[in-house]
>>> print(open('coords09.tsv').read())   # TSV, C-alpha atoms
chain	number	residue	atom	x	y	z
M	77	MET	CA	88.93	21.67	-18.83
M	78	SER	CA	87.54	20.22	-15.62
M	79	THR	CA	88.64	23.27	-13.63
M	80	ASN	CA	86.78	25.36	-16.11
M	81	SER	CA	83.52	23.51	-15.70
M	82	SER	CA	83.79	23.41	-11.92
M	83	LEU	CA	84.43	27.14	-11.94
M	84	LYS	CA	81.34	27.55	-14.04
M	85	GLU	CA	79.40	25.50	-11.52
M	86	THR	CA	80.66	27.58	-8.61
M	87	THR	CA	79.61	30.76	-10.40
M	88	HIS	CA	76.19	29.22	-11.07
M	89	ARG	CA	75.75	28.39	-7.39
M	90	ASN	CA	77.00	31.81	-6.32
M	91	ILE	CA	74.48	33.56	-8.53
M	92	LEU	CA	71.65	31.39	-7.19
M	93	ALA	CA	72.65	32.05	-3.57
M	94	SER	CA	72.88	35.80	-4.17
M	95	ALA	CA	69.60	35.85	-6.03
M	96	LEU	CA	67.94	34.00	-3.14
M	97	LYS	CA	69.07	36.72	-0.74
M	98	VAL	CA	68.10	39.63	-2.96
M	99	PHE	CA	64.71	38.22	-4.02
M	100	SER	CA	63.80	37.36	-0.45
M	101	HIS	CA	64.91	40.68	1.02
M	102	LYS	CA	63.59	42.99	-1.67
M	103	GLY	CA	60.82	41.08	-3.34
M	104	TYR	CA	60.79	40.14	-7.03
M	105	ASN	CA	59.81	43.58	-8.30
M	106	ASP	CA	62.36	45.57	-6.36
M	107	ALA	CA	65.22	43.13	-6.86
M	108	THR	CA	67.71	44.14	-9.55
M	109	ILE	CA	70.20	42.09	-11.53
M	110	LYS	CA	72.78	44.71	-10.56
M	111	GLU	CA	72.51	43.83	-6.88
M	112	ILE	CA	72.55	40.14	-7.63
M	113	HIS	CA	75.67	40.20	-9.77
M	114	GLU	CA	77.46	42.50	-7.35
M	115	LEU	CA	76.67	40.20	-4.45
M	116	ALA	CA	77.76	37.19	-6.48
M	117	GLY	CA	80.98	38.94	-7.47
M	118	CYS	CA	80.54	38.56	-11.21
M	119	ASN	CA	79.32	40.88	-13.93
M	120	ALA	CA	75.82	41.26	-15.28
M	121	LEU	CA	76.66	39.53	-18.54
M	122	THR	CA	77.70	36.38	-16.66
M	123	VAL	CA	74.32	36.31	-14.91
M	124	PHE	CA	72.54	36.45	-18.24
M	125	ARG	CA	74.83	33.80	-19.71
M	126	HIS	CA	73.70	31.43	-16.96
M	127	PHE	CA	70.08	32.51	-16.79
M	128	LYS	CA	68.18	33.90	-19.74
M	129	ASP	CA	66.33	36.63	-17.82
M	130	LYS	CA	65.18	37.70	-14.36
M	131	GLU	CA	62.17	35.41	-14.43
M	132	THR	CA	64.23	32.36	-15.39
M	133	LEU	CA	66.62	33.20	-12.58
M	134	PHE	CA	63.71	33.51	-10.17
M	135	TYR	CA	62.29	30.09	-11.04
M	136	SER	CA	65.78	28.58	-10.87
M	137	VAL	CA	66.17	29.92	-7.34
M	138	VAL	CA	62.86	28.38	-6.32
M	139	ASP	CA	63.86	25.07	-7.88
M	140	ALA	CA	67.27	25.06	-6.27
M	141	TYR	CA	66.09	25.83	-2.75
M	142	LYS	CA	62.66	24.30	-2.52
M	143	ASP	CA	63.89	20.97	-1.18
M	144	ILE	CA	64.45	20.57	2.50
M	145	ASP	CA	67.53	18.80	3.77
M	146	ALA	CA	65.90	15.76	5.33
M	147	SER	CA	68.99	14.84	7.31
M	148	ALA	CA	68.10	17.69	9.68
M	149	LEU	CA	65.18	15.54	10.85
M	150	GLU	CA	67.34	12.56	11.74
M	151	THR	CA	67.61	13.12	15.45
M	152	GLY	CA	67.11	11.01	18.52
M	153	ILE	CA	63.98	12.87	19.59
M	154	ALA	CA	61.40	10.42	20.83
M	155	ILE	CA	57.98	11.12	22.28
M	156	SER	CA	57.11	9.30	25.46
M	157	PRO	CA	53.65	7.66	25.54
M	158	ASP	CA	53.13	8.72	29.17
M	159	ASP	CA	54.33	12.30	28.93
M	160	PRO	CA	54.53	13.66	25.38
M	161	GLU	CA	55.48	17.19	26.47
M	162	PRO	CA	59.30	17.00	26.61
M	163	GLY	CA	59.46	15.30	23.21
M	164	LEU	CA	57.04	17.79	21.67
M	165	HIS	CA	59.13	20.57	23.06
M	166	GLN	CA	62.26	19.28	21.39
M	167	LEU	CA	60.32	18.83	18.16
M	168	ALA	CA	59.06	22.42	18.23
M	169	GLU	CA	62.63	23.63	18.68
M	170	LEU	CA	63.87	21.42	15.88
M	171	TYR	CA	61.16	22.63	13.46
M	172	PHE	CA	61.79	26.22	14.49
M	173	LYS	CA	65.47	25.77	13.71
M	174	ILE	CA	64.80	24.14	10.34
M	175	LEU	CA	62.34	26.86	9.33
M	176	PHE	CA	64.14	29.82	10.78
M	177	ALA	CA	67.81	29.05	10.32
M	178	ASP	CA	67.77	26.97	7.17
M	179	ASN	CA	64.79	27.96	5.08
M	180	LEU	CA	63.64	31.43	5.99
M	181	ASP	CA	64.74	33.14	2.77
M	182	ILE	CA	62.91	30.77	0.47
M	183	LEU	CA	59.88	30.76	2.78
M	184	ARG	CA	59.70	34.54	2.51
M	185	ILE	CA	59.85	34.31	-1.27
M	186	PHE	CA	56.89	31.93	-1.30
M	187	ILE	CA	54.78	34.21	0.89
M	188	ASN	CA	55.73	37.36	-0.97
M	189	GLU	CA	55.40	36.13	-4.52
M	190	CYS	CA	52.73	33.45	-4.51
M	191	THR	CA	50.03	35.73	-5.87
M	192	ALA	CA	52.25	37.21	-8.58
M	193	PHE	CA	53.56	33.74	-9.55
M	194	PRO	CA	50.68	31.28	-9.33
M	195	ALA	CA	53.05	28.62	-10.65
M	196	LEU	CA	54.59	28.61	-7.18
M	197	ARG	CA	51.41	27.10	-5.88
M	198	LYS	CA	52.51	23.55	-6.45
M	199	ASP	CA	55.60	24.18	-4.33
M	200	ALA	CA	54.08	26.51	-1.79
M	201	TRP	CA	54.73	25.48	1.79
M	202	PHE	CA	56.90	22.68	0.52
M	203	ILE	CA	58.44	22.44	3.99
M	204	SER	CA	55.21	22.01	5.91
M	205	PRO	CA	54.27	18.59	4.47
M	206	VAL	CA	57.74	17.26	5.26
M	207	LEU	CA	57.56	18.50	8.85
M	208	GLN	CA	53.97	17.33	9.21
M	209	ALA	CA	54.86	13.84	8.03
M	210	ASP	CA	57.72	13.82	10.51
M	211	PHE	CA	55.37	14.88	13.31
M	212	ILE	CA	52.83	12.18	12.46
M	213	ARG	CA	55.54	9.52	12.31
M	214	ARG	CA	56.82	10.45	15.76
M	215	VAL	CA	53.49	10.74	17.57
M	216	THR	CA	52.12	7.51	16.11
M	217	ALA	CA	55.33	5.75	17.17
M	218	ALA	CA	54.38	6.77	20.71
M	219	GLY	CA	50.88	5.36	20.28
M	220	PHE	CA	49.07	8.68	19.83
M	221	SER	CA	46.55	9.58	17.18
M	222	GLY	CA	48.12	10.13	13.77
M	223	ASP	CA	45.37	12.57	12.80
M	224	ALA	CA	46.92	14.97	10.25
M	225	ARG	CA	45.07	17.90	11.80
M	226	TYR	CA	47.30	17.86	14.88
M	227	ALA	CA	50.37	17.94	12.67
M	228	GLU	CA	48.99	20.90	10.73
M	229	LEU	CA	48.20	22.82	13.92
M	230	PHE	CA	51.62	22.17	15.34
M	231	VAL	CA	53.67	22.95	12.24
M	232	GLY	CA	51.43	25.89	11.35
M	233	TYR	CA	52.04	27.48	14.71
M	234	VAL	CA	55.79	27.00	14.61
M	235	THR	CA	55.81	28.55	11.13
M	236	ARG	CA	53.88	31.56	12.30
M	237	LEU	CA	56.16	32.01	15.30
M	238	CYS	CA	59.12	31.82	13.01
M	239	LEU	CA	57.81	34.51	10.65
M	240	GLU	CA	56.89	36.70	13.57
M	241	PHE	CA	60.31	36.22	15.12
M	242	ASN	CA	61.92	37.16	11.84
M	243	THR	CA	60.09	40.48	11.88
M	244	HIS	CA	60.80	41.15	15.54
M	245	ASP	CA	64.40	40.22	15.12
M	246	ARG	CA	64.86	42.86	12.51
M	247	VAL	CA	62.54	45.55	13.71
M	248	TRP	CA	63.48	45.53	17.35
M	249	ASP	CA	66.84	44.71	18.75
M	250	TYR	CA	67.41	41.07	19.08
M	251	SER	CA	67.55	40.11	22.75
M	252	ASP	CA	67.43	37.11	25.04
M	253	ALA	CA	64.25	38.50	26.54
M	254	LEU	CA	62.61	38.32	23.12
M	255	LEU	CA	63.73	34.75	22.65
M	256	ASP	CA	62.33	33.93	26.10
M	257	THR	CA	58.95	35.34	25.10
M	258	PHE	CA	58.92	33.07	22.09
M	259	TYR	CA	59.84	30.02	24.11
M	260	GLN	CA	57.08	30.82	26.57
M	261	LYS	CA	54.57	31.08	23.75
M	262	MET	CA	55.82	27.86	22.24
M	263	ASN	CA	55.64	26.18	25.62
M	264	ARG	CA	51.92	26.92	25.99
M	265	GLU	CA	51.22	25.36	22.62
M	266	VAL	CA	53.32	22.32	23.46
M	267	VAL	CA	51.40	21.76	26.69
M	268	LEU	CA	48.09	22.11	24.86
M	269	MET	CA	49.18	19.72	22.11
M	270	GLY	CA	50.27	17.16	24.69
M	271	ASP	CA	46.85	17.44	26.31
M	272	MET	CA	45.02	17.18	22.97
M	273	LEU	CA	46.93	14.09	21.92
M	274	GLN	CA	46.36	12.39	25.26
M	275	ARG	CA	42.67	13.20	25.25
M	276	ALA	CA	42.23	12.03	21.67
M	277	THR	CA	43.89	8.72	22.50
M	278	GLN	CA	41.76	7.96	25.56
M	279	PRO	CA	38.96	5.49	24.91
M	280	ALA	CA	35.57	7.28	24.83
M	281	GLY	CA	33.99	7.82	28.23
M	282	ALA	CA	37.18	6.98	30.14
D	112	MET	CA	22.41	65.87	-0.57
D	113	GLN	CA	26.03	64.93	-0.12
D	114	GLN	CA	27.90	66.81	2.53
D	115	PRO	CA	31.43	67.99	1.78
D	116	GLY	CA	32.60	65.59	4.52
D	117	ASP	CA	31.03	62.60	2.72
D	118	VAL	CA	32.79	63.49	-0.50
D	119	MET	CA	36.06	63.69	1.39
D	120	ASN	CA	35.53	60.35	3.12
D	121	ASN	CA	34.55	58.75	-0.14
D	122	THR	CA	37.68	60.06	-1.84
D	123	LYS	CA	39.81	58.98	1.09
D	124	LEU	CA	38.36	55.49	0.99
D	125	ARG	CA	38.94	55.24	-2.77
D	126	ILE	CA	42.56	56.26	-2.36
D	127	LEU	CA	43.09	53.83	0.50
D	128	THR	CA	41.56	50.95	-1.42
D	129	ALA	CA	43.68	51.73	-4.46
D	130	ALA	CA	46.77	52.01	-2.27
D	131	ILE	CA	46.18	48.60	-0.68
D	132	SER	CA	45.79	46.93	-4.04
D	133	CYS	CA	48.90	48.63	-5.46
D	134	PHE	CA	51.13	48.03	-2.46
D	135	SER	CA	50.13	44.42	-2.13
D	136	SER	CA	50.71	43.58	-5.78
D	137	ALA	CA	53.79	45.68	-6.57
D	138	GLY	CA	55.34	46.30	-3.15
D	139	TYR	CA	55.94	49.62	-1.46
D	140	LYS	CA	58.71	50.77	-3.77
D	141	GLY	CA	57.17	49.12	-6.80
D	142	CYS	CA	54.21	51.47	-7.02
D	143	THR	CA	54.06	55.22	-7.30
D	144	THR	CA	51.59	57.69	-5.85
D	145	ARG	CA	50.81	58.52	-9.47
D	146	GLN	CA	49.61	54.96	-10.13
D	147	ILE	CA	47.54	54.98	-6.95
D	148	ALA	CA	45.98	58.31	-7.95
D	149	ASP	CA	45.13	56.95	-11.41
D	150	GLN	CA	43.56	53.83	-9.98
D	151	ALA	CA	41.53	55.83	-7.46
D	152	GLY	CA	40.54	58.33	-10.13
D	153	VAL	CA	41.86	61.34	-8.25
D	154	ASN	CA	44.57	63.90	-8.82
D	155	GLU	CA	47.98	63.00	-7.42
D	156	SER	CA	48.06	66.25	-5.43
D	157	THR	CA	44.90	65.13	-3.60
D	158	ILE	CA	46.86	62.23	-2.12
D	159	PHE	CA	49.46	64.57	-0.73
D	160	ARG	CA	46.84	66.97	0.57
D	161	VAL	CA	44.96	64.21	2.41
D	162	PHE	CA	47.82	61.99	3.56
D	163	GLY	CA	50.91	64.18	3.49
D	164	ASN	CA	53.27	61.60	2.07
D	165	LYS	CA	53.54	58.08	0.70
D	166	LYS	CA	54.61	56.52	3.96
D	167	ASN	CA	51.65	57.98	5.79
D	168	LEU	CA	49.35	56.76	3.04
D	169	MET	CA	50.63	53.22	3.46
D	170	LEU	CA	50.23	53.27	7.23
D	171	GLU	CA	46.70	54.66	7.03
D	172	ALA	CA	45.75	52.20	4.32
D	173	PHE	CA	46.79	49.16	6.30
D	174	TYR	CA	45.32	50.46	9.48
D	175	MET	CA	41.94	51.40	8.08
D	176	LEU	CA	41.39	48.37	5.92
D	177	THR	CA	42.56	45.69	8.31
D	178	PRO	CA	39.73	44.53	10.52
D	179	GLY	CA	39.93	43.94	14.24
D	180	PRO	CA	37.90	42.08	16.88
D	181	GLU	CA	35.09	44.62	16.61
D	182	ASP	CA	34.38	43.23	13.14
D	183	VAL	CA	33.57	39.71	14.30
D	184	ASP	CA	29.86	39.14	13.92
D	185	MET	CA	28.84	37.68	17.28
D	186	SER	CA	25.12	37.80	16.58
D	187	LEU	CA	25.11	34.47	14.75
D	188	LEU	CA	26.69	32.50	17.57
D	189	SER	CA	24.48	30.10	19.47
D	190	TYR	CA	26.40	30.56	22.73
D	191	GLY	CA	27.02	26.98	23.54
D	192	GLN	CA	23.93	25.27	22.18
D	193	ASP	CA	25.99	23.89	19.33
D	194	VAL	CA	29.69	24.19	20.14
D	195	GLU	CA	30.88	22.94	16.77
D	196	LYS	CA	28.69	25.36	14.86
D	197	ASP	CA	29.94	28.25	16.96
D	198	LEU	CA	33.53	27.22	16.41
D	199	ARG	CA	32.87	27.01	12.67
D	200	LEU	CA	31.51	30.55	12.67
D	201	LEU	CA	34.35	31.87	14.77
D	202	ILE	CA	37.12	30.27	12.73
D	203	TRP	CA	35.48	31.34	9.48
D	204	ASN	CA	35.24	34.89	10.77
D	205	TYR	CA	38.87	34.91	11.82
D	206	ALA	CA	40.02	33.52	8.52
D	207	MET	CA	38.07	36.18	6.63
D	208	LEU	CA	39.48	38.85	8.93
D	209	HIS	CA	43.01	37.58	8.42
D	210	LEU	CA	43.00	37.77	4.65
D	211	PRO	CA	43.11	41.58	4.48
D	212	HIS	CA	46.16	41.49	6.77
D	213	MET	CA	48.17	39.60	4.21
D	214	PRO	CA	49.54	42.66	2.35
D	215	ALA	CA	50.75	44.20	5.60
D	216	TYR	CA	52.06	40.86	6.69
D	217	ARG	CA	53.97	40.48	3.47
D	218	LEU	CA	55.33	43.99	3.57
D	219	SER	CA	56.60	43.36	7.05
D	220	LEU	CA	58.56	40.40	5.66
D	221	ASN	CA	60.35	42.67	3.24
D	222	VAL	CA	63.62	43.24	5.00
D	223	ASP	CA	64.55	46.44	3.26
D	224	LEU	CA	61.33	48.24	3.87
D	225	VAL	CA	62.25	51.03	6.25
D	226	TYR	CA	58.83	51.58	7.66
D	227	ASP	CA	57.90	48.05	8.53
D	228	ARG	CA	58.00	48.64	12.26
D	229	GLU	CA	54.84	50.71	12.13
D	230	VAL	CA	53.07	48.44	9.66
D	231	TYR	CA	53.99	45.49	11.77
D	232	TYR	CA	52.92	47.14	14.98
D	233	ARG	CA	49.55	48.28	13.68
D	234	SER	CA	48.64	45.12	11.87
D	235	PHE	CA	49.75	42.67	14.51
D	236	ALA	CA	48.17	44.61	17.35
D	237	LYS	CA	44.84	43.86	15.70
D	238	ILE	CA	45.71	40.21	15.25
D	239	GLU	CA	46.58	39.98	18.95
D	240	GLY	CA	43.18	41.51	19.62
D	241	LEU	CA	41.51	38.78	17.58
D	242	ILE	CA	43.33	36.10	19.54
D	243	SER	CA	42.26	37.38	22.94
D	244	HIS	CA	38.76	37.94	21.61
D	245	MET	CA	38.38	34.27	20.70
D	246	ALA	CA	39.93	33.19	24.01
D	247	ILE	CA	37.41	35.28	25.94
D	248	TYR	CA	34.49	33.75	24.05
D	249	LEU	CA	35.75	30.22	24.77
D	250	GLY	CA	36.21	31.21	28.42
D	251	GLN	CA	32.56	32.24	28.55
D	252	LEU	CA	31.45	28.91	27.09
D	253	HIS	CA	33.48	27.16	29.76
D	254	ALA	CA	32.02	29.31	32.54
D	255	GLN	CA	28.56	28.22	31.36
D	256	GLY	CA	29.61	24.57	31.40
D	257	TYR	CA	29.45	23.92	27.67
D	258	ILE	CA	33.10	23.05	27.20
D	259	ILE	CA	35.92	21.67	29.32
D	260	SER	CA	38.60	23.79	30.88
D	261	ALA	CA	41.61	24.35	28.62
D	262	ASP	CA	44.23	26.91	27.74
D	263	PHE	CA	41.96	29.00	25.54
D	264	THR	CA	44.67	31.48	24.60
D	265	ALA	CA	46.81	28.62	23.34
D	266	ILE	CA	43.86	27.29	21.31
D	267	SER	CA	43.28	30.69	19.75
D	268	GLU	CA	47.00	30.94	18.95
D	269	TYR	CA	46.89	27.60	17.19
D	270	VAL	CA	43.89	28.61	15.11
D	271	ASN	CA	45.43	31.96	14.35
D	272	GLY	CA	48.79	30.45	13.39
D	273	LEU	CA	47.16	28.03	11.02
D	274	VAL	CA	44.90	30.66	9.49
D	275	LEU	CA	47.84	32.97	8.84
D	276	THR	CA	50.00	30.33	7.24
D	277	LYS	CA	47.02	29.02	5.30
D	278	ALA	CA	46.03	32.51	4.18
D	279	THR	CA	48.76	32.35	1.57
D	280	GLU	CA	47.20	29.21	0.15
D	281	PHE	CA	43.72	30.68	0.20
D	282	LEU	CA	44.92	33.69	-1.75
D	283	ILE	CA	46.15	31.54	-4.60
D	284	ALA	CA	43.50	28.85	-4.42
D	285	GLU	CA	41.25	28.39	-7.42
D	286	ASP	CA	38.23	27.92	-5.20
D	287	THR	CA	39.02	30.17	-2.24
D	288	LEU	CA	35.68	29.95	-0.47
D	289	GLY	CA	35.37	26.21	-0.96
D	290	GLU	CA	38.84	25.64	0.38
D	291	LEU	CA	38.12	27.96	3.29
D	292	ASP	CA	34.91	26.10	4.10
D	293	ARG	CA	36.64	22.73	4.16
D	294	PHE	CA	39.42	24.16	6.30
D	295	VAL	CA	37.01	25.70	8.79
D	296	ALA	CA	34.85	22.57	9.07
D	297	LYS	CA	37.93	20.43	9.65
D	298	TYR	CA	39.28	22.46	12.56
D	299	ALA	CA	35.93	23.27	14.14
D	300	ALA	CA	35.33	19.51	14.32
D	301	LEU	CA	38.76	18.88	15.83
D	302	LEU	CA	38.36	21.56	18.50
D	303	ALA	CA	34.78	20.55	19.27
D	304	GLU	CA	35.97	16.98	19.76
D	305	TYR	CA	38.63	18.19	22.16
D	306	LEU	CA	36.49	20.69	24.06
D	307	ARG	CA	33.24	18.75	24.35
D	308	PRO	CA	32.77	17.33	27.85
D	309	ALA	CA	33.06	13.54	27.54
D	310	ASN	CA	30.23	12.72	29.97
D	311	THR	CA	27.88	14.30	32.43
D	312	SER	CA	30.22	14.21	35.40
D	313	GLU	CA	32.83	16.10	33.43
D	314	ARG	CA	30.14	18.51	32.37
D	315	GLU	CA	29.16	19.12	36.00
D	316	GLU	CA	32.79	19.48	36.92
D	317	ALA	CA	33.11	22.12	34.23
D	318	ILE	CA	30.21	24.02	35.71
>>> encode(input="coords09.tsv", output="structure tokens")
Amino acid sequence: MSTNSSLKETTHRNILASALKVFSHKGYNDATIKEIHELAGCNALTVFRHFKDKETLFYSVVDAYKDIDASALETGIAISPDDPEPGLHQLAELYFKILFADNLDILRIFINECTAFPALRKDAWFISPVLQADFIRRVTAAGFSGDARYAELFVGYVTRLCLEFNTHDRVWDYSDALLDTFYQKMNREVVLMGDMLQRATQPAGA
Amino acid sequence: MQQPGDVMNNTKLRILTAAISCFSSAGYKGCTTRQIADQAGVNESTIFRVFGNKKNLMLEAFYMLTPGPEDVDMSLLSYGQDVEKDLRLLIWNYAMLHLPHMPAYRLSLNVDLVYDREVYYRSFAKIEGLISHMAIYLGQLHAQGYIISADFTAISEYVNGLVLTKATEFLIAEDTLGELDRFVAKYAALLAEYLRPANTSEREEAI
């Protein structure tokens, strides 16, 4: 009996994972149950036994993947009060990794479908607030301004870079030179952010 | 009296507008040239006569309807007299110019869309243009001593990154313009704070 229910659970997870891929790559309209059940290795009937219809499946995917794995943020990265740049650099790379490697599919779904599914609004950019809070926590620990606007700028830019990289990666051949370009871009923003934080922390007129 | 050319341009514009709205709501594969023709109020064969094929129609639509730096209204800027007000105008302009890019931006995220290279290239070339445009304006303000020296390209990239990621939220906001206003005011204030010379000596140094 227990094997049966765990098998059922595995199938459930498989369908969700396949649906995530298909919805994010094709968009809701172009995605078909056929592709999803083929990718999941089960038949169409099984999909409908687990999820009433395509829309239910879609919302289940969003629910299942909208939470970020917070353990990814538990790292030893610390920002130095005298020179915030190296720490900010590591942070940018960490956020890039979390967005790009771990959450790109669901992020694409949010961008693609938010106008067709206004209900997604409450979850939209679910990752950003988590990363922003992390940013604020780390810069205030170093004695810098905890102004949320810096966090938004920083996370917003990394997100944009990540989406742009995703397109490049697919459209042009992936290469080290491309990755270098992105690191150079990121580096400029890190230097600017370090400067902004330091300037904002200085007492007026100093 | 309407010239034949005007009629053609008018028809072309109607088709392009219809195409943008169809592609952005239903996706490239999700809408047919028939639906676009119906929405534009033209015959389907007109689309093929004017644009050749569906792919070409999509490329033209995104190219024609996405604005570039030439669409920024510079006449309202005070050129340094009020840095924060200028920044507000600039950011607001960029945000408004970014919104029409969203359909192209979204299409380029669709992995299976064969033609995304061109859409991507055309749309993002204009966005790059907007970024350097803002950087040049800030550089001019610095040359005149109104703001401190900074990496203006990096500032423009920050603003642009935020606007693009926020554009999704604006599109689904209940009060788009209100939300946009608050957003613009918030970041104009932040950048003005950062760029404003702290005292006269810094101001002279900037000059």
>>> closest_atom_pairs(input="coords09.tsv", of="chain M", to="chain D", cutoff="9 Å", atoms="all atoms listed in the file", output="Markdown table")
| residue | atom | partner | partner_atom | distance |
| --- | --- | --- | --- | --- |
| M:Ser100 | CA | D:Asn221 | CA | 7.3 |
| M:His101 | CA | D:Val222 | CA | 4.9 |
| M:Lys102 | CA | D:Asn221 | CA | 5.9 |
| M:Gly103 | CA | D:Asn221 | CA | 6.8 |
| M:Tyr104 | CA | D:Ala137 | CA | 8.9 |
| M:Asn105 | CA | D:Gly141 | CA | 6.3 |
| M:Asp106 | CA | D:Gly141 | CA | 6.3 |
| M:Arg184 | CA | D:Leu220 | CA | 6.7 |
| M:Phe186 | CA | D:Thr279 | CA | 8.6 |
| M:Ile187 | CA | D:Thr279 | CA | 6.3 |
| M:Asn188 | CA | D:Arg217 | CA | 5.7 |
| M:Glu189 | CA | D:Ser136 | CA | 8.9 |
| M:Cys190 | CA | D:Ile283 | CA | 6.9 |
| M:Thr191 | CA | D:Ile283 | CA | 5.9 |
| M:Ala192 | CA | D:Ser136 | CA | 7.1 |
| M:Pro194 | CA | D:Ile283 | CA | 6.6 |
| M:Arg197 | CA | D:Ile283 | CA | 7.0 |
| M:Ala200 | CA | D:Glu280 | CA | 7.6 |
| M:Trp201 | CA | D:Glu280 | CA | 8.6 |
| M:Arg225 | CA | D:Tyr298 | CA | 7.4 |
| M:Tyr226 | CA | D:Leu301 | CA | 8.7 |
| M:Glu228 | CA | D:Leu273 | CA | 7.4 |
| M:Leu229 | CA | D:Tyr269 | CA | 5.9 |
| M:Phe230 | CA | D:Tyr269 | CA | 7.4 |
| M:Val231 | CA | D:Leu273 | CA | 8.3 |
| M:Gly232 | CA | D:Leu273 | CA | 4.8 |
| M:Tyr233 | CA | D:Gly272 | CA | 4.6 |
| M:Val234 | CA | D:Gly272 | CA | 7.9 |
| M:Thr235 | CA | D:Thr276 | CA | 7.2 |
| M:Arg236 | CA | D:Gly272 | CA | 5.3 |
| M:Leu237 | CA | D:Gly272 | CA | 7.8 |
| M:Leu239 | CA | D:Leu220 | CA | 7.8 |
| M:Glu240 | CA | D:Leu220 | CA | 8.9 |
| M:Asn242 | CA | D:Leu220 | CA | 7.7 |
| M:Thr243 | CA | D:Leu220 | CA | 6.4 |
| M:His244 | CA | D:Arg228 | CA | 8.6 |
| M:Arg246 | CA | D:Val222 | CA | 7.6 |
| M:Val247 | CA | D:Arg228 | CA | 5.7 |
| M:Trp248 | CA | D:Arg228 | CA | 8.1 |
| M:Lys261 | CA | D:Ala265 | CA | 8.2 |
| M:Arg264 | CA | D:Ala265 | CA | 6.0 |
| M:Glu265 | CA | D:Ala265 | CA | 5.5 |
| M:Val267 | CA | D:Asp262 | CA | 8.9 |
| M:Leu268 | CA | D:Asp262 | CA | 6.8 |
| M:Asp271 | CA | D:Ala261 | CA | 9.0 |
| M:Met272 | CA | D:Tyr305 | CA | 6.5 |
| M:Arg275 | CA | D:Tyr305 | CA | 7.1 |
| M:Ala276 | CA | D:Tyr305 | CA | 7.2 |
| M:Ala280 | CA | D:Ala309 | CA | 7.3 |
| M:Gly281 | CA | D:Ala309 | CA | 5.8 |
| M:Ala282 | CA | D:Ala309 | CA | 8.2 |
>>> atom_distance(input="coords09.tsv", atom1="atom CA of D:Met245", atom2="atom CA of D:Ser189")
14.6 Å
>>> atom_distance(input="coords09.tsv", atom1="atom CA of M:Tyr135", atom2="atom CA of D:Pro211")
27.2 Å
>>> atom_distance(input="coords09.tsv", atom1="atom CA of M:Asn90", atom2="atom CA of M:His126")
11.1 Å
>>> residues_around(input="coords09.tsv", residues="stretch 143-153 of chain M", least_positions_apart="4", cutoff="9 Å", atoms="all atoms listed in the file", output="PyMOL selection string")
chain M and resi 139+163-164+166-167+170-171+174+178-179+202-203+206-207+210+214
>>> axis_aligned_box(input="coords09.tsv", around="stretch 175-181 of chain M", padding_each_side="8 Å", output="AutoDock Vina command-line options")
--center_x 65.1 --center_y 30.0 --center_z 6.8 --size_x 21.5 --size_y 22.3 --size_z 24.0
>>> closest_residue(input="coords09.tsv", among="D:Leu252, D:Leu210, D:Leu291, D:Val161", to="D:Gln192", atoms="only C-alpha atoms")
D:Leu252
>>> closest_residue(input="coords09.tsv", among="D:Asn120, D:Ala254, D:Asn164, D:Ala172", to="D:Ser132", atoms="all atoms listed in the file")
D:Ala172
>>> residues_around(input="coords09.tsv", residues="D:Leu198", least_positions_apart="2", cutoff="9 Å", atoms="only C-alpha atoms", output="JSON, numbers by chain")
{"D": [188, 193, 194, 195, 196, 200, 201, 202, 203, 295, 296, 298, 299, 300, 302, 303]}
>>> write_last_selection(input="coords09.tsv", atoms="C-alpha atoms", output="compact mmCIF listing (two decimals), in the frame of the given file")
# COMPACT_ATOMS: atom_id res chain seq x y z
CA LEU D 188 26.69 32.50 17.57
CA ASP D 193 25.99 23.89 19.33
CA VAL D 194 29.69 24.19 20.14
CA GLU D 195 30.88 22.94 16.77
CA LYS D 196 28.69 25.36 14.86
CA LEU D 200 31.51 30.55 12.67
CA LEU D 201 34.35 31.87 14.77
CA ILE D 202 37.12 30.27 12.73
CA TRP D 203 35.48 31.34 9.48
CA VAL D 295 37.01 25.70 8.79
CA ALA D 296 34.85 22.57 9.07
CA TYR D 298 39.28 22.46 12.56
CA ALA D 299 35.93 23.27 14.14
CA ALA D 300 35.33 19.51 14.32
CA LEU D 302 38.36 21.56 18.50
CA ALA D 303 34.78 20.55 19.27
>>> closest_residue(input="coords09.tsv", among="D:Met175, D:Leu241, D:Ile258, D:Ala206", to="D:Glu290", atoms="all atoms listed in the file")
D:Ala206
>>> closest_residue(input="coords09.tsv", among="M:Leu83, M:Leu96, M:Val266, M:Ala217", to="M:Pro162", atoms="only C-alpha atoms")
M:Val266
>>> residues_near_point(input="coords09.tsv", point="(33.5, 41.8, 18.2)", cutoff="12 Å", atoms="only C-alpha atoms", output="list in words")
Pro178, Gly179, Pro180, Glu181, Asp182, Val183, Asp184, Met185, Ser186, Leu187, Leu188, Leu201, Asn204, Tyr205, Leu208, Lys237, Gly240, Leu241, Ile242, Ser243, His244, Met245, Ile247 and Tyr248 of chain D
>>> closest_residue(input="coords09.tsv", among="M:Leu92, M:Gly117, M:Thr86, M:Ala168", to="M:Thr132", atoms="all atoms listed in the file")
M:Leu92
>>> closest_residue(input="coords09.tsv", among="M:Phe176, M:Phe241, M:Phe258, M:Tyr141", to="M:Arg89", atoms="all atoms listed in the file")
M:Tyr141
>>> residues_around(input="coords09.tsv", residues="M:Phe99", least_positions_apart="6", cutoff="8 Å", atoms="all atoms listed in the file", output="list in words")
Ala107, Phe134 and Ile185 of chain M
>>> write_last_selection(input="coords09.tsv", atoms="C-alpha atoms", output="short mmCIF file (atom, residue, chain, number, x, y, z; two decimals), in the frame of the given file")
data_model
loop_
_atom_site.label_atom_id
_atom_site.label_comp_id
_atom_site.auth_asym_id
_atom_site.auth_seq_id
_atom_site.Cartn_x
_atom_site.Cartn_y
_atom_site.Cartn_z
CA ALA M 107 65.22 43.13 -6.86
CA PHE M 134 63.71 33.51 -10.17
CA ILE M 185 59.85 34.31 -1.27
#
